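work_3.txt, holding compact mmCIF, N, CA and C atoms:
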# COMPACT_ATOMS: atom_id res chain seq x y z
N MET J 1 44.61 -1.76 -94.21
CA MET J 1 44.21 -0.70 -95.11
C MET J 1 44.34 -1.17 -96.56
N VAL J 2 45.40 -1.92 -96.86
CA VAL J 2 45.63 -2.41 -98.22
C VAL J 2 44.52 -3.41 -98.59
N ALA J 3 44.12 -4.24 -97.64
CA ALA J 3 43.08 -5.22 -97.90
C ALA J 3 41.77 -4.52 -98.22
N GLU J 4 41.47 -3.42 -97.52
CA GLU J 4 40.24 -2.68 -97.77
C GLU J 4 40.26 -2.08 -99.18
N GLN J 5 41.41 -1.59 -99.62
CA GLN J 5 41.50 -1.02 -100.96
C GLN J 5 41.30 -2.08 -102.03
N SER J 6 41.88 -3.26 -101.84
CA SER J 6 41.74 -4.31 -102.85
C SER J 6 40.30 -4.80 -102.93
N VAL J 7 39.60 -4.85 -101.80
CA VAL J 7 38.18 -5.24 -101.81
C VAL J 7 37.37 -4.19 -102.56
N ALA J 8 37.66 -2.92 -102.32
CA ALA J 8 36.96 -1.84 -103.02
C ALA J 8 37.25 -1.89 -104.52
N GLU J 9 38.51 -2.20 -104.88
CA GLU J 9 38.86 -2.30 -106.29
C GLU J 9 38.15 -3.47 -106.95
N GLU J 10 38.03 -4.60 -106.24
CA GLU J 10 37.33 -5.77 -106.77
C GLU J 10 35.87 -5.44 -107.02
N LYS J 11 35.23 -4.74 -106.07
CA LYS J 11 33.83 -4.38 -106.23
C LYS J 11 33.65 -3.45 -107.42
N ALA J 12 34.56 -2.53 -107.59
CA ALA J 12 34.46 -1.59 -108.71
C ALA J 12 34.63 -2.32 -110.04
N SER J 13 35.56 -3.27 -110.11
CA SER J 13 35.78 -4.00 -111.36
C SER J 13 34.69 -5.04 -111.60
N ALA J 14 33.96 -5.46 -110.55
CA ALA J 14 32.90 -6.45 -110.70
C ALA J 14 31.59 -5.84 -111.16
N LYS J 15 31.52 -4.52 -111.25
CA LYS J 15 30.29 -3.87 -111.71
C LYS J 15 30.00 -4.29 -113.13
N PRO J 16 28.71 -4.46 -113.48
CA PRO J 16 28.38 -4.82 -114.84
C PRO J 16 28.87 -3.77 -115.83
N GLN J 17 29.11 -4.22 -117.05
CA GLN J 17 29.67 -3.35 -118.08
C GLN J 17 28.80 -2.13 -118.33
N GLU J 18 27.46 -2.30 -118.26
CA GLU J 18 26.59 -1.18 -118.58
C GLU J 18 26.74 -0.01 -117.61
N GLU J 19 27.19 -0.27 -116.40
CA GLU J 19 27.35 0.82 -115.46
C GLU J 19 28.64 1.60 -115.75
N GLN J 20 29.60 0.96 -116.42
CA GLN J 20 30.87 1.61 -116.69
C GLN J 20 30.83 2.43 -117.99
N VAL J 21 29.84 2.17 -118.85
CA VAL J 21 29.73 2.88 -120.12
C VAL J 21 29.05 4.21 -119.86
N SER J 22 29.55 5.27 -120.50
CA SER J 22 28.94 6.58 -120.32
C SER J 22 28.77 7.25 -121.67
N TYR J 23 28.00 8.34 -121.69
CA TYR J 23 27.76 9.08 -122.91
C TYR J 23 27.83 10.56 -122.60
N ASP J 24 28.51 11.30 -123.44
CA ASP J 24 28.66 12.74 -123.24
C ASP J 24 27.43 13.42 -123.83
N SER J 25 26.47 13.77 -122.97
CA SER J 25 25.22 14.37 -123.44
C SER J 25 25.36 15.85 -123.78
N SER J 26 26.56 16.41 -123.64
CA SER J 26 26.77 17.81 -123.98
C SER J 26 26.89 18.00 -125.49
N LEU J 27 27.09 16.92 -126.22
CA LEU J 27 27.18 17.00 -127.68
C LEU J 27 25.80 17.28 -128.26
N PRO J 28 25.74 17.95 -129.41
CA PRO J 28 24.43 18.21 -130.03
C PRO J 28 23.80 16.91 -130.52
N ASP J 29 22.47 16.84 -130.41
CA ASP J 29 21.74 15.65 -130.85
C ASP J 29 21.56 15.68 -132.36
N LEU J 30 21.83 14.56 -132.99
CA LEU J 30 21.67 14.43 -134.43
C LEU J 30 20.39 13.66 -134.73
N ASP J 31 19.78 13.97 -135.88
CA ASP J 31 18.62 13.21 -136.31
C ASP J 31 19.09 11.88 -136.90
N TYR J 32 18.20 10.89 -136.87
CA TYR J 32 18.52 9.58 -137.43
C TYR J 32 17.28 9.03 -138.11
N SER J 33 17.50 8.20 -139.09
CA SER J 33 16.38 7.60 -139.82
C SER J 33 15.99 6.29 -139.14
N PRO J 34 14.79 5.80 -139.42
CA PRO J 34 14.40 4.49 -138.87
C PRO J 34 15.36 3.38 -139.30
N GLU J 35 15.88 3.48 -140.51
CA GLU J 35 16.82 2.47 -140.99
C GLU J 35 18.12 2.51 -140.19
N GLN J 36 18.59 3.71 -139.89
CA GLN J 36 19.81 3.84 -139.08
C GLN J 36 19.57 3.27 -137.68
N PHE J 37 18.39 3.55 -137.14
CA PHE J 37 18.07 3.02 -135.81
C PHE J 37 18.05 1.50 -135.83
N MET J 38 17.36 0.92 -136.80
CA MET J 38 17.25 -0.54 -136.86
C MET J 38 18.62 -1.19 -137.04
N GLU J 39 19.48 -0.56 -137.81
CA GLU J 39 20.84 -1.08 -138.00
C GLU J 39 21.60 -1.07 -136.68
N ALA J 40 21.51 0.02 -135.94
CA ALA J 40 22.19 0.12 -134.64
C ALA J 40 21.60 -0.89 -133.66
N TRP J 41 20.27 -1.06 -133.69
CA TRP J 41 19.58 -2.00 -132.79
C TRP J 41 20.05 -3.43 -133.07
N GLN J 42 20.10 -3.79 -134.33
CA GLN J 42 20.53 -5.14 -134.70
C GLN J 42 22.00 -5.37 -134.35
N LYS J 43 22.82 -4.37 -134.57
CA LYS J 43 24.24 -4.49 -134.26
C LYS J 43 24.44 -4.70 -132.75
N TYR J 44 23.68 -3.97 -131.94
CA TYR J 44 23.79 -4.15 -130.50
C TYR J 44 23.30 -5.54 -130.09
N GLY J 45 22.21 -5.98 -130.70
CA GLY J 45 21.70 -7.32 -130.41
C GLY J 45 22.73 -8.39 -130.71
N GLN J 46 23.43 -8.25 -131.82
CA GLN J 46 24.48 -9.22 -132.18
C GLN J 46 25.64 -9.16 -131.18
N GLN J 47 25.94 -7.97 -130.69
CA GLN J 47 27.01 -7.82 -129.70
C GLN J 47 26.62 -8.53 -128.40
N VAL J 48 25.38 -8.39 -127.99
CA VAL J 48 24.88 -9.05 -126.78
C VAL J 48 24.93 -10.56 -126.97
N LYS J 49 24.53 -11.04 -128.14
CA LYS J 49 24.56 -12.47 -128.43
C LYS J 49 25.99 -13.00 -128.38
N ALA J 50 26.93 -12.25 -128.95
CA ALA J 50 28.34 -12.67 -128.95
C ALA J 50 28.91 -12.75 -127.54
N GLU J 51 28.38 -11.93 -126.64
CA GLU J 51 28.83 -11.96 -125.25
C GLU J 51 28.19 -13.09 -124.46
N GLY J 52 27.27 -13.83 -125.09
CA GLY J 52 26.65 -14.98 -124.44
C GLY J 52 25.50 -14.63 -123.52
N ARG J 53 24.92 -13.46 -123.68
CA ARG J 53 23.80 -13.04 -122.83
C ARG J 53 22.50 -13.37 -123.56
N GLN J 54 22.15 -14.67 -123.59
CA GLN J 54 21.04 -15.17 -124.39
C GLN J 54 19.69 -14.58 -123.98
N GLY J 55 19.43 -14.48 -122.70
CA GLY J 55 18.14 -13.95 -122.25
C GLY J 55 17.92 -12.54 -122.74
N GLU J 56 18.94 -11.73 -122.66
CA GLU J 56 18.84 -10.35 -123.12
C GLU J 56 18.74 -10.30 -124.64
N TYR J 57 19.45 -11.20 -125.31
CA TYR J 57 19.41 -11.23 -126.78
C TYR J 57 18.01 -11.55 -127.28
N ILE J 58 17.33 -12.48 -126.61
CA ILE J 58 15.97 -12.85 -127.03
C ILE J 58 15.05 -11.64 -126.99
N VAL J 59 15.21 -10.81 -125.98
CA VAL J 59 14.40 -9.59 -125.88
C VAL J 59 14.80 -8.59 -126.96
N LEU J 60 16.09 -8.47 -127.23
CA LEU J 60 16.58 -7.46 -128.15
C LEU J 60 16.49 -7.86 -129.62
N LYS J 61 16.24 -9.13 -129.91
CA LYS J 61 16.20 -9.52 -131.32
C LYS J 61 14.89 -9.11 -132.00
N GLU J 62 13.85 -8.83 -131.23
CA GLU J 62 12.60 -8.34 -131.80
C GLU J 62 12.73 -6.87 -132.15
N MET J 63 12.18 -6.49 -133.29
CA MET J 63 12.25 -5.09 -133.71
C MET J 63 11.26 -4.25 -132.89
N PRO J 64 11.74 -3.19 -132.28
CA PRO J 64 10.87 -2.33 -131.46
C PRO J 64 10.11 -1.33 -132.33
N ASP J 65 9.19 -0.62 -131.70
CA ASP J 65 8.44 0.43 -132.37
C ASP J 65 9.06 1.77 -132.01
N LEU J 66 9.21 2.64 -133.00
CA LEU J 66 9.72 3.98 -132.76
C LEU J 66 8.52 4.90 -132.55
N ALA J 67 8.50 5.60 -131.43
CA ALA J 67 7.43 6.53 -131.12
C ALA J 67 7.96 7.95 -131.20
N GLU J 68 7.12 8.90 -130.88
CA GLU J 68 7.53 10.30 -130.92
C GLU J 68 8.52 10.61 -129.80
N ASN J 69 9.25 11.70 -129.98
CA ASN J 69 10.21 12.20 -128.99
C ASN J 69 11.29 11.18 -128.64
N HIS J 70 11.73 10.42 -129.64
CA HIS J 70 12.85 9.48 -129.50
C HIS J 70 12.58 8.37 -128.50
N VAL J 71 11.30 8.00 -128.35
CA VAL J 71 10.93 6.90 -127.46
C VAL J 71 10.91 5.62 -128.28
N VAL J 72 11.55 4.60 -127.75
CA VAL J 72 11.60 3.29 -128.40
C VAL J 72 10.81 2.33 -127.52
N ARG J 73 9.75 1.73 -128.09
CA ARG J 73 8.91 0.80 -127.32
C ARG J 73 9.24 -0.63 -127.73
N VAL J 74 9.65 -1.41 -126.75
CA VAL J 74 9.99 -2.81 -126.96
C VAL J 74 8.82 -3.64 -126.49
N ARG J 75 8.33 -4.53 -127.37
CA ARG J 75 7.19 -5.39 -127.04
C ARG J 75 7.69 -6.62 -126.29
N LEU J 76 7.10 -6.88 -125.13
CA LEU J 76 7.43 -8.04 -124.31
C LEU J 76 6.16 -8.85 -124.09
N THR J 77 6.32 -10.14 -123.87
CA THR J 77 5.14 -10.98 -123.69
C THR J 77 4.97 -11.53 -122.28
N ASN J 78 6.00 -11.42 -121.45
CA ASN J 78 5.87 -11.96 -120.09
C ASN J 78 6.86 -11.29 -119.14
N SER J 79 6.72 -11.63 -117.86
CA SER J 79 7.54 -11.00 -116.83
C SER J 79 9.01 -11.45 -116.89
N VAL J 80 9.27 -12.62 -117.42
CA VAL J 80 10.66 -13.07 -117.55
C VAL J 80 11.38 -12.18 -118.56
N GLN J 81 10.71 -11.88 -119.68
CA GLN J 81 11.30 -10.98 -120.66
C GLN J 81 11.50 -9.59 -120.05
N LEU J 82 10.57 -9.18 -119.20
CA LEU J 82 10.69 -7.87 -118.54
C LEU J 82 11.95 -7.81 -117.69
N ASP J 83 12.24 -8.88 -116.97
CA ASP J 83 13.46 -8.91 -116.15
C ASP J 83 14.71 -8.76 -117.02
N PHE J 84 14.74 -9.49 -118.14
CA PHE J 84 15.89 -9.39 -119.04
C PHE J 84 15.96 -8.00 -119.68
N PHE J 85 14.81 -7.42 -120.00
CA PHE J 85 14.79 -6.08 -120.59
C PHE J 85 15.35 -5.06 -119.61
N GLU J 86 14.91 -5.13 -118.35
CA GLU J 86 15.39 -4.18 -117.34
C GLU J 86 16.90 -4.32 -117.14
N LYS J 87 17.40 -5.54 -117.28
CA LYS J 87 18.84 -5.77 -117.13
C LYS J 87 19.61 -5.19 -118.32
N ALA J 88 19.05 -5.31 -119.52
CA ALA J 88 19.73 -4.86 -120.74
C ALA J 88 19.51 -3.39 -121.04
N LYS J 89 18.48 -2.79 -120.47
CA LYS J 89 18.08 -1.43 -120.83
C LYS J 89 19.17 -0.37 -120.68
N PRO J 90 19.87 -0.27 -119.54
CA PRO J 90 20.86 0.81 -119.41
C PRO J 90 21.95 0.78 -120.48
N ALA J 91 22.53 -0.39 -120.71
CA ALA J 91 23.61 -0.49 -121.69
C ALA J 91 23.08 -0.29 -123.10
N ALA J 92 21.89 -0.80 -123.39
CA ALA J 92 21.31 -0.64 -124.72
C ALA J 92 21.02 0.83 -125.01
N GLN J 93 20.50 1.51 -124.02
CA GLN J 93 20.19 2.93 -124.17
C GLN J 93 21.46 3.74 -124.43
N VAL J 94 22.51 3.45 -123.68
CA VAL J 94 23.78 4.15 -123.86
C VAL J 94 24.36 3.84 -125.24
N TYR J 95 24.31 2.57 -125.63
CA TYR J 95 24.84 2.18 -126.94
C TYR J 95 24.12 2.93 -128.06
N LEU J 96 22.78 2.94 -128.00
CA LEU J 96 22.01 3.61 -129.05
C LEU J 96 22.27 5.10 -129.06
N ARG J 97 22.39 5.70 -127.89
CA ARG J 97 22.68 7.14 -127.82
C ARG J 97 24.03 7.45 -128.45
N GLN J 98 25.02 6.60 -128.21
CA GLN J 98 26.34 6.81 -128.79
C GLN J 98 26.34 6.55 -130.29
N ALA J 99 25.74 5.44 -130.69
CA ALA J 99 25.77 5.05 -132.10
C ALA J 99 25.01 6.05 -132.97
N LEU J 100 23.90 6.56 -132.45
CA LEU J 100 23.07 7.49 -133.23
C LEU J 100 23.33 8.95 -132.87
N GLN J 101 24.20 9.17 -131.91
CA GLN J 101 24.57 10.51 -131.46
C GLN J 101 23.34 11.35 -131.10
N ASN J 102 22.50 10.77 -130.24
CA ASN J 102 21.29 11.46 -129.80
C ASN J 102 21.03 11.08 -128.34
N SER J 103 21.13 12.06 -127.45
CA SER J 103 21.00 11.80 -126.01
C SER J 103 19.55 11.69 -125.56
N GLN J 104 18.60 11.90 -126.45
CA GLN J 104 17.19 11.88 -126.06
C GLN J 104 16.55 10.51 -126.22
N ILE J 105 17.26 9.53 -126.73
CA ILE J 105 16.69 8.20 -126.95
C ILE J 105 16.36 7.57 -125.61
N ARG J 106 15.13 7.09 -125.49
CA ARG J 106 14.66 6.42 -124.26
C ARG J 106 14.02 5.10 -124.63
N LEU J 107 14.34 4.07 -123.88
CA LEU J 107 13.74 2.75 -124.08
C LEU J 107 12.62 2.55 -123.10
N GLU J 108 11.49 2.08 -123.59
CA GLU J 108 10.34 1.74 -122.76
C GLU J 108 9.86 0.36 -123.18
N HIS J 109 9.07 -0.26 -122.32
CA HIS J 109 8.54 -1.58 -122.65
C HIS J 109 7.02 -1.55 -122.66
N VAL J 110 6.45 -2.45 -123.42
CA VAL J 110 5.00 -2.64 -123.48
C VAL J 110 4.76 -4.14 -123.39
N ILE J 111 3.92 -4.54 -122.44
CA ILE J 111 3.57 -5.95 -122.31
C ILE J 111 2.38 -6.21 -123.22
N VAL J 112 2.53 -7.15 -124.15
CA VAL J 112 1.45 -7.52 -125.06
C VAL J 112 1.12 -8.99 -124.85
N LYS J 113 -0.14 -9.30 -125.03
CA LYS J 113 -0.55 -10.70 -124.91
C LYS J 113 -0.44 -11.37 -126.25
N GLU J 114 0.07 -12.57 -126.24
CA GLU J 114 0.17 -13.34 -127.47
C GLU J 114 -1.20 -13.87 -127.82
N ALA J 115 -1.52 -13.82 -129.09
CA ALA J 115 -2.80 -14.36 -129.53
C ALA J 115 -2.74 -15.88 -129.46
N GLU J 116 -3.65 -16.42 -128.70
CA GLU J 116 -3.68 -17.87 -128.57
C GLU J 116 -4.66 -18.43 -129.59
N GLY J 117 -4.15 -19.25 -130.46
CA GLY J 117 -4.99 -19.89 -131.46
C GLY J 117 -5.60 -21.15 -130.89
N LYS J 118 -6.58 -21.67 -131.61
CA LYS J 118 -7.22 -22.91 -131.18
C LYS J 118 -6.22 -24.05 -131.35
N ARG J 119 -6.09 -24.85 -130.35
CA ARG J 119 -5.17 -25.98 -130.43
C ARG J 119 -5.83 -27.12 -131.19
N LEU J 120 -5.04 -27.74 -132.03
CA LEU J 120 -5.51 -28.85 -132.84
C LEU J 120 -5.06 -30.15 -132.19
N TYR J 121 -6.04 -31.01 -131.84
CA TYR J 121 -5.70 -32.25 -131.14
C TYR J 121 -5.88 -33.48 -132.02
N THR J 122 -7.02 -33.60 -132.67
CA THR J 122 -7.31 -34.81 -133.42
C THR J 122 -6.76 -34.70 -134.84
N ALA J 123 -6.67 -35.86 -135.50
CA ALA J 123 -6.20 -35.90 -136.88
C ALA J 123 -7.19 -35.16 -137.78
N HIS J 124 -8.48 -35.28 -137.48
CA HIS J 124 -9.50 -34.60 -138.27
C HIS J 124 -9.35 -33.07 -138.17
N GLU J 125 -9.10 -32.55 -136.97
CA GLU J 125 -8.90 -31.11 -136.78
C GLU J 125 -7.64 -30.64 -137.51
N LYS J 126 -6.58 -31.42 -137.44
CA LYS J 126 -5.34 -31.07 -138.11
C LYS J 126 -5.52 -31.07 -139.64
N PHE J 127 -6.23 -32.06 -140.15
CA PHE J 127 -6.46 -32.11 -141.58
C PHE J 127 -7.33 -30.93 -142.02
N GLY J 128 -8.34 -30.59 -141.23
CA GLY J 128 -9.19 -29.43 -141.55
C GLY J 128 -8.38 -28.15 -141.61
N TYR J 129 -7.48 -27.98 -140.70
CA TYR J 129 -6.61 -26.79 -140.68
C TYR J 129 -5.75 -26.75 -141.93
N LEU J 130 -5.11 -27.88 -142.24
CA LEU J 130 -4.24 -27.93 -143.42
C LEU J 130 -5.04 -27.76 -144.71
N LEU J 131 -6.28 -28.25 -144.73
CA LEU J 131 -7.13 -28.11 -145.90
C LEU J 131 -7.48 -26.65 -146.17
N LYS J 132 -7.71 -25.89 -145.10
CA LYS J 132 -7.97 -24.46 -145.26
C LYS J 132 -6.73 -23.74 -145.78
N LYS J 133 -5.58 -24.18 -145.33
CA LYS J 133 -4.33 -23.54 -145.73
C LYS J 133 -3.90 -23.96 -147.13
N TYR J 134 -4.14 -25.22 -147.46
CA TYR J 134 -3.73 -25.77 -148.77
C TYR J 134 -4.92 -26.51 -149.39
N PRO J 135 -5.79 -25.82 -150.11
CA PRO J 135 -7.00 -26.46 -150.68
C PRO J 135 -6.69 -27.62 -151.62
N GLN J 136 -5.55 -27.61 -152.29
CA GLN J 136 -5.20 -28.69 -153.21
C GLN J 136 -4.97 -30.01 -152.47
N LEU J 137 -4.90 -29.99 -151.16
CA LEU J 137 -4.71 -31.19 -150.36
C LEU J 137 -5.90 -32.15 -150.50
N GLN J 138 -7.10 -31.60 -150.70
CA GLN J 138 -8.30 -32.43 -150.86
C GLN J 138 -8.18 -33.27 -152.13
N ALA J 139 -7.73 -32.67 -153.22
CA ALA J 139 -7.57 -33.40 -154.47
C ALA J 139 -6.53 -34.51 -154.32
N LEU J 140 -5.45 -34.21 -153.61
CA LEU J 140 -4.41 -35.21 -153.39
C LEU J 140 -4.94 -36.36 -152.54
N LYS J 141 -5.72 -36.04 -151.54
CA LYS J 141 -6.30 -37.07 -150.66
C LYS J 141 -7.23 -37.97 -151.46
N ASP J 142 -8.08 -37.36 -152.30
CA ASP J 142 -9.02 -38.14 -153.11
C ASP J 142 -8.28 -39.00 -154.14
N LYS J 143 -7.27 -38.42 -154.79
CA LYS J 143 -6.52 -39.13 -155.82
C LYS J 143 -5.80 -40.34 -155.27
N LEU J 144 -5.26 -40.21 -154.06
CA LEU J 144 -4.52 -41.32 -153.44
C LEU J 144 -5.41 -42.25 -152.62
N GLY J 145 -6.67 -41.85 -152.42
CA GLY J 145 -7.60 -42.68 -151.67
C GLY J 145 -7.25 -42.76 -150.20
N LEU J 146 -6.81 -41.65 -149.61
CA LEU J 146 -6.40 -41.63 -148.21
C LEU J 146 -7.56 -41.25 -147.31
N GLU J 147 -7.45 -41.62 -146.05
CA GLU J 147 -8.41 -41.20 -145.04
C GLU J 147 -7.72 -40.33 -144.03
N ALA J 148 -8.43 -39.29 -143.58
CA ALA J 148 -7.84 -38.36 -142.63
C ALA J 148 -7.88 -38.90 -141.21
N ASP J 149 -8.88 -39.69 -140.90
CA ASP J 149 -9.01 -40.24 -139.55
C ASP J 149 -8.31 -41.58 -139.46
N PHE J 150 -7.52 -41.74 -138.42
CA PHE J 150 -6.77 -42.99 -138.23
C PHE J 150 -7.50 -43.85 -137.25
Could you show the structure in this file as structure tokens?
Amino acid sequence: MVAEQSVAEEKASAKPQEEQVSYDSSLPDLDYSPEQFMEAWQKYGQQVKAEGRQGEYIVLKEMPDLAENHVVRVRLTNSVQLDFFEKAKPAAQVYLRQALQNSQIRLEHVIVKEAEGKRLYTAHEKFGYLLKKYPQLQALKDKLGLEADF
């Protein structure tokens, strides 16, 4: 019987921290500004980073979008980030609810595609790109008598 209790105690203590954190939703909800939200979001992200949870930190370091009805939309670019977001979501939601004293805060995710730019392979393509970005590069090239193609 004692062995069964110690196994049950081990399982209870092995639960992730986010399951042990709770929030008293009976308290009245307070309004918060976007600046207050961003401060709480960044503070939680730093806490996650300090705990060594890098995958979750990468998802949380991006600034989310605040939508109506206390919905927070986090932009993700792939399914790996989605896995880390789902893992971090419960504790992040509880932290934000406590920090901002508002039980209506909900975290959601949005998968967005990254804009893929044209890849530059040759020296001529790279020089053309840099020339568009820095027009004075042409004068420097002419003054020094350099060639873009190797």
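Across J:Lys49, J:Gly55, J:Arg106, J:Gln81, the tightest approach to Asn69 in chain J is made by J:Arg106 when counting only C-alpha atoms.
Atom C of Ala50 in chain J is found 22.7 Å from atom N of Leu76 in chain J.
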Review point. What lies within 6 Å of range 88-95 of chain J using only N, CA and C atoms, ignoring chain neighbours under 4 positions off, as a VMD selection string?
Key: chain J and resid 18 84 99 to 100 107
Selection above as a file: N, CA and C atoms, as a PDB file, in the coordinates of the input:
ATOM      1  N   GLU J  18      27.460  -2.300-118.260  1.00  0.00           N
ATOM      2  CA  GLU J  18      26.590  -1.180-118.580  1.00  0.00           C
ATOM      3  C   GLU J  18      26.740  -0.010-117.610  1.00  0.00           C
ATOM      4  N   PHE J  84      14.740  -9.490-118.140  1.00  0.00           N
ATOM      5  CA  PHE J  84      15.890  -9.390-119.040  1.00  0.00           C
ATOM      6  C   PHE J  84      15.960  -8.000-119.680  1.00  0.00           C
ATOM      7  N   ALA J  99      25.740   5.440-130.690  1.00  0.00           N
ATOM      8  CA  ALA J  99      25.770   5.050-132.100  1.00  0.00           C
ATOM      9  C   ALA J  99      25.010   6.050-132.970  1.00  0.00           C
ATOM     10  N   LEU J 100      23.900   6.560-132.450  1.00  0.00           N
ATOM     11  CA  LEU J 100      23.070   7.490-133.230  1.00  0.00           C
ATOM     12  C   LEU J 100      23.330   8.950-132.870  1.00  0.00           C
ATOM     13  N   LEU J 107      14.340   4.070-123.880  1.00  0.00           N
ATOM     14  CA  LEU J 107      13.740   2.750-124.080  1.00  0.00           C
ATOM     15  C   LEU J 107      12.620   2.550-123.100  1.00  0.00           C
TER      16      LEU J 107
END
Practice item. May I ask for the distance between CA of Glu62 in chain J and CA of Trp41 in chain J, given in Å to one decimal place? Key: 9.5 Å
Residues within 9 Å of Pro28 in chain J, only C-alpha atoms, excluding chain neighbours under 6 positions, as a tab-separated table (two decimals) with N, CA and C atoms, keeping the file's coordinate frame:
chain	number	residue	atom	x	y	z
J	101	GLN	N	24.20	9.17	-131.91
J	101	GLN	CA	24.57	10.51	-131.46
J	101	GLN	C	23.34	11.35	-131.10
J	102	ASN	N	22.50	10.77	-130.24
J	102	ASN	CA	21.29	11.46	-129.80
J	102	ASN	C	21.03	11.08	-128.34
J	103	SER	N	21.13	12.06	-127.45
J	103	SER	CA	21.00	11.80	-126.01
J	103	SER	C	19.55	11.69	-125.56
Exercise for review: Would you please work out which residue, of J:Leu140, J:Leu146, J:Ile105, J:Met38, is nearest to Val72 in chain J when using all atoms listed in the file?
Suggested key: J:Ile105
Exercise for review: For CA of Lys141 in chain J and atom N of Gly128 in chain J, determine how far apart the two atoms are, in Å to one decimal place.
Suggested key: 11.6 Å
Review point. Quick one: residues within 6.5 Å of Gly45 in chain J, all atoms listed in the file counted, chain neighbours fewer than 6 positions away excluded, as a list in words?
Key: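 Final neighbour list, sorted by chain and number: Tyr57, Leu60 and Lys61 of chain J.
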